[in-house]
Amino acid sequence: MSMLQIWLVQALFIFLTTGSMGQLLDPCGHINPESPVVHLGSNFTAVCVLKEDCMDYFHVNANFIVWKMSHFTIPKEQYTIINKTAASVTLTDVASLNIQLTCNILTFGQIEQNIYGITLISGLPPEKPKNLNCIVNEGRKMMCYWDPGRETYLETNFTLKSEWATEKFADCKTKRDTPTSCTVDYSPVYFVNMEVWVEAENALGKVTSDHINFDPVDKVKPNAPHNLSVSNSEELSSILKLTWINSNIKNVIRLKYDIQYRTKGASAWSQIPPEDTASTRSSFTVQDLKPFTEYVFRIRCMKEDGKGFWSDWSEEASGITYEDRPSKAPSFWYKIDPSHTHGYRSVQLMWKTLPPFEANGKILGYEVTLTRWKSRLQNYTVNDSKLTVNLTNDRYIATLTARNAVGRSAASVLTIPACDFQGYLAESTCYLITVTPVYADGPGSPESIKAYLKQAPPSKGPTVRTKKVGKNEAVLEWDQLPVDVQNGFIRNYTIFYRTNIGNETAVNVDSSHTEYTLSSLTSDTLYMVRMAAYTDEGGKDGPEFTFTTPKFAQGEIEAIVVPVCLAFLLTTLLGVLFCFNKRDLIKKHIWPNVPDPSKSHIAQWSPHTPPRHNFNSKDQMYSDGNFTDVSVVEIEANDKKPFPEDLKSLELFKKEKVSTEGHSSGIGGSSCMSSSRPSISSSDENESAQNTSSTVQYSTVVHSGYRHQVPSVQVFSRSESTQPLLDSEERPEDLQLVDNVDGSDGILPRQQYFKQNCSQHETSPDISHFERSNQVSSVNEEDFIRLKQQQISGISQSCGSGQMKMFQEVSAADAFGPGTEGQGERFKTAEMEAVLDEGMPKSYLPQTVRQGGYMPQ
Amino acid sequence: MKVLAAGVVPLLLVLHWKHGAGSPLPITPVNATCATRHPCHSNLMSQIRNQLAQLNSSANALFILYYTAQGEPFPNNLDKLCGPNVTDFPPFHANGTEKAKLVELYRVIAYLGASLGNITRDQKLLNPNALSLHSKLNTTADVMRGLLSNVLCRLCSKYHVAHVDVTYGPDTSGKDVFQKKKLGCQLLGKYKQVIAVVAQAF
């Protein structure tokens, strides 16, 4: 019961207390915003809003509001009365990270009552994370780390995001104590590229780092090689073989290694050249080590191509190289006991133990041999570093070698002089006196000096010779005198030189020199020189040497000859230039201008010459007066009027052609064929002209008569015939134009002229015969074209009654027989015979009739 | 995570088994969308070769580890119990075009990956102490997942193949212990055999 009462009292107390507290804690207003986070250095405005009932209770309004910041009143200038219930305050350039801002009212005039308070937090937005990188410790998860940038003063969350091209992985959120790294949850998968980036976010913003894309296998830090062991080789004392076990990563990637070693006790590591350990392996032999020396090794590895990270260093392992024979003989000395007994003496031999780097192993003992002058050998094996023996008073040679498990050192040799040793020293002989100090632990470094018992002048003088001889100087050289002829210390040399007639000059030279330059000599002069060497006791002359100074110094001749040659060349050049400038004058006097017949233009003359040739008149054609005897025929072109004479001659020609087919032809035939060319087409005009200008000149017989009239005089002249004439009849460029003949009547007057001659045949029924022939012998299109040219040439010249028959024969022969050359020849032969049979005067048509040139007559 | 994976794999298996109906469907038409989260890397084929070599080099060890962990009678009856008698295994033709080989490779690895998931789940129950085997199975499955990603990336970026229909092996969840061990052993034997051929083909 009492318990119940107590409980009720307590409950009532709590209820009442809570109600009164609720009243008390109910604020008279509030500040907006409640929990602000602002950028450091920016402005901030807060508004305090009063409650109506509170304002009535305390009889206040917004004008009574007082702002306080960390218990300090904010100046009224920063207040703004918004309305009756609200007033704001603006804080400029917020610099504090944490500000307590309170809104207060002045009640009853002076009493300050707190209405509301907020905490203003300021900071900075996160910076873009930089230097993002990841590491895959073998057997563990991938960890990425980055530089978060500046301090934000705010709680900033970093999230590591990662994905493959085909799927996304879970985000990795940093822990509060390690905001700059994150270890992902999933196991790394090698050989798949992944993209990773970091997002940093706080109350003031969110920023993303650059994305990095990599294959995790390129970020691997392998486990260190383990079980490193070292073994030596009995065969080679300078090597140690390392063996180790690689980590499992070697099944996935190829490795390279970094092996370091040092002698035990040393601090600095030496490194095996990286190129020697650049591939996957599990052992390595280190060479060039010192024998019987303990070495310490360690090893680490990484991906062969250098991508990723080095593993940690392995555990250190040590090994000792195998022994080698001692590399040096021990230092060796003796001490003679001065007390003599019966011809014997006590000699103590002593030596220093070899240091480890010379002993190359454990020294098992020393071997001493003593040899009396040309006598027997005594051997001693000693473990100590000294030996005392009784020797006779004779001279002894002692040798000492150190021995280890591998072999013996080289021997130290020592001479123990005889007891009654008295040296005999000769005069004039150089002696090398050496003094070696003997300390308690062995001999010190010896000192030596050369000495003479008594000096004498040298036995021989030095032999001098010239090294170089100039116009006014000569370089002399000589050899040092051998020791056995010096007889003393050479103090100086004296050089004597003279001409044939002059006085002798002497020059002293220091004994350390072997060369001297004589100057102020006379050119082109014979000199005699000798040399003497002097000791303290006198000197001795050497043999005399002669030399002659040259007349000219080196380069002197060249200095004279070259300017002379240049002057001559310049003069010649000026002369040539003068002649060149006055060549017209010189030419006029020496060789006058003679006209060149080869440049005549008789063959190009024609009544129908194109304007560019300008050969329309006889006057122009023979303007140079070289062809005054040539008769020129002008023919008027006429489309319709036939030439009965021509037809007649062609008829005769055709008859003869049949009978003489196959005979060889002369030049007249050739000219006939060439003369037909203009009748083919006008399109080869330019080409024809060009051919003429570039061909060899031929003698041309020009018939001065007209038609069949006998010329009064036969004149021979030069024309520009195209060579070779026969070849020109078969030129393909001409053949291509055959078709134009049939379908281009009347294009040019010249063509009209030939067309006129052949017009009868065009209407003849035999032409269809030819066409049939053309169809039948269509074996070779080119041959037919060629044939057409010949046929038209024939038309242009003969157009006789038997013409079509000949075409038929030629056509068949061309199609199945030899080349067109033979056809042309046959044709030419026939033409010539026709002309002769008619009794025509022996004149010839021009061999070349080009467009705008001669017409055939 | 592993529990989740262990649950998801059979679920996927069942879902695909219903749709797949035993035979692989043709690849998706060309006009299907072929988007990746970021551009595929240029050395995909090299990476695929490395992954195949990685799988090939570890396949035999996995096989040995598996049948050793199962105990008798498996180690002494390999021919009978672990012969590569997997009837519905996707075909692979080594002399095909690169595209055809990649499509077939995708099907093979998808099949193997799902089967490895089953084996891993079963082994965790049957041989909970065979941690080395579990680790190796997980590692192999991870490599296969990466290989699938690379193959899909290659098919997508070069051949515009966005999706390849695949088939999976039988679900072993309802079978008895011996059958589970036997099917796993047969699958790993088949895997060892096939991966050597596939690795040689690329």
# chains A, B, ... in the order shown; residues from 1 in each chain; ligands from 1

$ interface_residues --of "chain B" --to "chain A" --cutoff "8 Å" --atoms "only C-alpha atoms" --output "ChimeraX atom specification"
/B:36-41,47-48,50-51,54,57,142-143,146-147,149-150,152-153

$ write_last_selection --atoms "N, CA and C atoms" --output "PDB file, in the first residue's frame"
ATOM      1  N   THR B  36      27.697   0.319 -72.784  1.00  0.00           N
ATOM      2  CA  THR B  36      28.495  -0.080 -71.629  1.00  0.00           C
ATOM      3  C   THR B  36      28.598   1.113 -70.693  1.00  0.00           C
ATOM      4  N   ARG B  37      28.983   0.858 -69.477  1.00  0.00           N
ATOM      5  CA  ARG B  37      29.029   1.929 -68.486  1.00  0.00           C
ATOM      6  C   ARG B  37      30.112   2.942 -68.828  1.00  0.00           C
ATOM      7  N   HIS B  38      31.167   2.453 -69.393  1.00  0.00           N
ATOM      8  CA  HIS B  38      32.215   3.338 -69.899  1.00  0.00           C
ATOM      9  C   HIS B  38      32.856   2.622 -71.089  1.00  0.00           C
ATOM     10  N   PRO B  39      33.582   3.340 -71.915  1.00  0.00           N
ATOM     11  CA  PRO B  39      34.143   2.713 -73.113  1.00  0.00           C
ATOM     12  C   PRO B  39      35.030   1.524 -72.770  1.00  0.00           C
ATOM     13  N   CYS B  40      34.909   0.502 -73.597  1.00  0.00           N
ATOM     14  CA  CYS B  40      35.742  -0.681 -73.379  1.00  0.00           C
ATOM     15  C   CYS B  40      37.191  -0.368 -73.723  1.00  0.00           C
ATOM     16  N   HIS B  41      38.091  -1.024 -73.023  1.00  0.00           N
ATOM     17  CA  HIS B  41      39.520  -0.780 -73.252  1.00  0.00           C
ATOM     18  C   HIS B  41      39.942  -1.408 -74.569  1.00  0.00           C
ATOM     19  N   GLN B  47      43.700  -9.159 -72.985  1.00  0.00           N
ATOM     20  CA  GLN B  47      43.241  -9.504 -71.642  1.00  0.00           C
ATOM     21  C   GLN B  47      42.489 -10.833 -71.645  1.00  0.00           C
ATOM     22  N   ILE B  48      41.695 -11.051 -72.688  1.00  0.00           N
ATOM     23  CA  ILE B  48      40.960 -12.323 -72.776  1.00  0.00           C
ATOM     24  C   ILE B  48      41.948 -13.487 -72.861  1.00  0.00           C
ATOM     25  N   ASN B  50      44.958 -13.553 -71.702  1.00  0.00           N
ATOM     26  CA  ASN B  50      45.577 -13.715 -70.386  1.00  0.00           C
ATOM     27  C   ASN B  50      44.639 -14.420 -69.413  1.00  0.00           C
ATOM     28  N   GLN B  51      43.374 -14.059 -69.489  1.00  0.00           N
ATOM     29  CA  GLN B  51      42.416 -14.697 -68.580  1.00  0.00           C
ATOM     30  C   GLN B  51      42.277 -16.183 -68.895  1.00  0.00           C
ATOM     31  N   GLN B  54      45.231 -17.885 -67.620  1.00  0.00           N
ATOM     32  CA  GLN B  54      45.140 -17.977 -66.168  1.00  0.00           C
ATOM     33  C   GLN B  54      44.227 -19.137 -65.765  1.00  0.00           C
ATOM     34  N   SER B  57      45.884 -22.507 -66.674  1.00  0.00           N
ATOM     35  CA  SER B  57      47.001 -22.912 -65.814  1.00  0.00           C
ATOM     36  C   SER B  57      46.531 -23.422 -64.453  1.00  0.00           C
ATOM     37  N   ASP B 142      35.596 -15.863 -60.008  1.00  0.00           N
ATOM     38  CA  ASP B 142      35.870 -14.431 -60.213  1.00  0.00           C
ATOM     39  C   ASP B 142      36.523 -14.191 -61.572  1.00  0.00           C
ATOM     40  N   VAL B 143      37.488 -15.023 -61.898  1.00  0.00           N
ATOM     41  CA  VAL B 143      38.160 -14.861 -63.193  1.00  0.00           C
ATOM     42  C   VAL B 143      37.152 -15.038 -64.324  1.00  0.00           C
ATOM     43  N   GLY B 146      35.123 -11.942 -64.751  1.00  0.00           N
ATOM     44  CA  GLY B 146      35.869 -10.925 -65.491  1.00  0.00           C
ATOM     45  C   GLY B 146      35.979 -11.263 -66.959  1.00  0.00           C
ATOM     46  N   LEU B 147      36.145 -12.546 -67.244  1.00  0.00           N
ATOM     47  CA  LEU B 147      36.237 -12.973 -68.639  1.00  0.00           C
ATOM     48  C   LEU B 147      34.925 -12.695 -69.371  1.00  0.00           C
ATOM     49  N   SER B 149      32.838 -10.387 -68.686  1.00  0.00           N
ATOM     50  CA  SER B 149      32.754  -8.938 -68.891  1.00  0.00           C
ATOM     51  C   SER B 149      33.574  -8.518 -70.108  1.00  0.00           C
ATOM     52  N   ASN B 150      34.770  -9.050 -70.201  1.00  0.00           N
ATOM     53  CA  ASN B 150      35.627  -8.690 -71.336  1.00  0.00           C
ATOM     54  C   ASN B 150      35.039  -9.179 -72.653  1.00  0.00           C
ATOM     55  N   LEU B 152      31.929  -9.806 -73.364  1.00  0.00           N
ATOM     56  CA  LEU B 152      30.751  -9.015 -73.696  1.00  0.00           C
ATOM     57  C   LEU B 152      31.157  -7.638 -74.217  1.00  0.00           C
ATOM     58  N   CYS B 153      32.163  -7.072 -73.591  1.00  0.00           N
ATOM     59  CA  CYS B 153      32.667  -5.757 -74.019  1.00  0.00           C
ATOM     60  C   CYS B 153      33.164  -5.834 -75.458  1.00  0.00           C
TER      61      CYS B 153
END

$ residues_around --residues "Tyr159 (chain B)" --least-positions-apart "5" --cutoff "10 Å" --atoms "only C-alpha atoms" --output "list in words"
Val30, Cys34, Glu98, Lys99, Leu152, Cys153 and Arg154 of chain B

$ closest_residue --among "B:Asn127, B:Asn95, B:Ser157, B:Thr139" --to "Lys180 (chain B)" --atoms "only C-alpha atoms"
B:Asn127

$ closest_residue --among "A:Leu364, A:Val435, A:Val230, A:Leu289" --to "Arg408 (chain A)" --atoms "only C-alpha atoms"
A:Leu364

$ atom_distance --atom1 "CA of Asn593 (chain A)" --atom2 "CA of Phe580 (chain A)"
17.4 Å

$ closest_residue --among "B:Thr87, B:Phe178, B:Arg107, B:His93" --to "Glu72 (chain B)" --atoms "only C-alpha atoms"
B:Phe178

$ select_by_dssp --residues "region 525-588 of chain A" --states "strand (DSSP E)" --output "list in words"
Leu526, Tyr527, Met528, Val529, Arg530, Met531, Ala532, Ala533, Tyr534, Thr535, Gly538, Gly539, Lys540, Asp541, Phe545, Thr546, Phe547 and Thr548 of chain A

$ atom_distance --atom1 "CA of Cys144 (chain A)" --atom2 "CA of Ser181 (chain A)"
5.5 Å

$ closest_residue --among "B:Ala53, B:Val194, B:Ala59, B:Leu44" --to "Lys136 (chain B)" --atoms "only C-alpha atoms"
B:Ala59

$ atom_distance --atom1 "CA of Asn76 (chain B)" --atom2 "CA of Asn118 (chain B)"
24.0 Å

$ residues_around --residues "region 200-204 of chain A" --least-positions-apart "5" --cutoff "12 Å" --atoms "only C-alpha atoms" --output "MDAnalysis selection string"
chainID A and resid 35:40 121:130 146:161 173:174 179:180 209:210

$ residues_around --residues "Glu304 (chain A)" --least-positions-apart "6" --cutoff "9 Å" --atoms "only C-alpha atoms" --output "PyMOL selection string"
chain A and resi 253-257+278-280

$ select_by_dssp --residues "region 78-194 of chain B" --states "alpha helix (DSSP H)" --output "JSON, numbers by chain"
{"B": [78, 79, 80, 81, 98, 99, 100, 101, 102, 103, 104, 105, 106, 107, 108, 109, 110, 111, 112, 113, 114, 115, 116, 117, 118, 119, 120, 121, 122, 123, 124, 125, 126, 131, 132, 133, 134, 135, 136, 137, 138, 139, 140, 141, 142, 143, 144, 145, 146, 147, 148, 149, 150, 151, 152, 153, 154, 155, 156, 157, 158, 159, 177, 178, 179, 180, 181, 182, 183, 184, 185, 186, 187, 188, 189, 190, 191, 192, 193, 194]}

$ residues_around --residues "Ala201 (chain B)" --least-positions-apart "4" --cutoff "10 Å" --atoms "only C-alpha atoms" --output "MDAnalysis selection string"
chainID B and resid 49 52 92:96 98 101 195:197
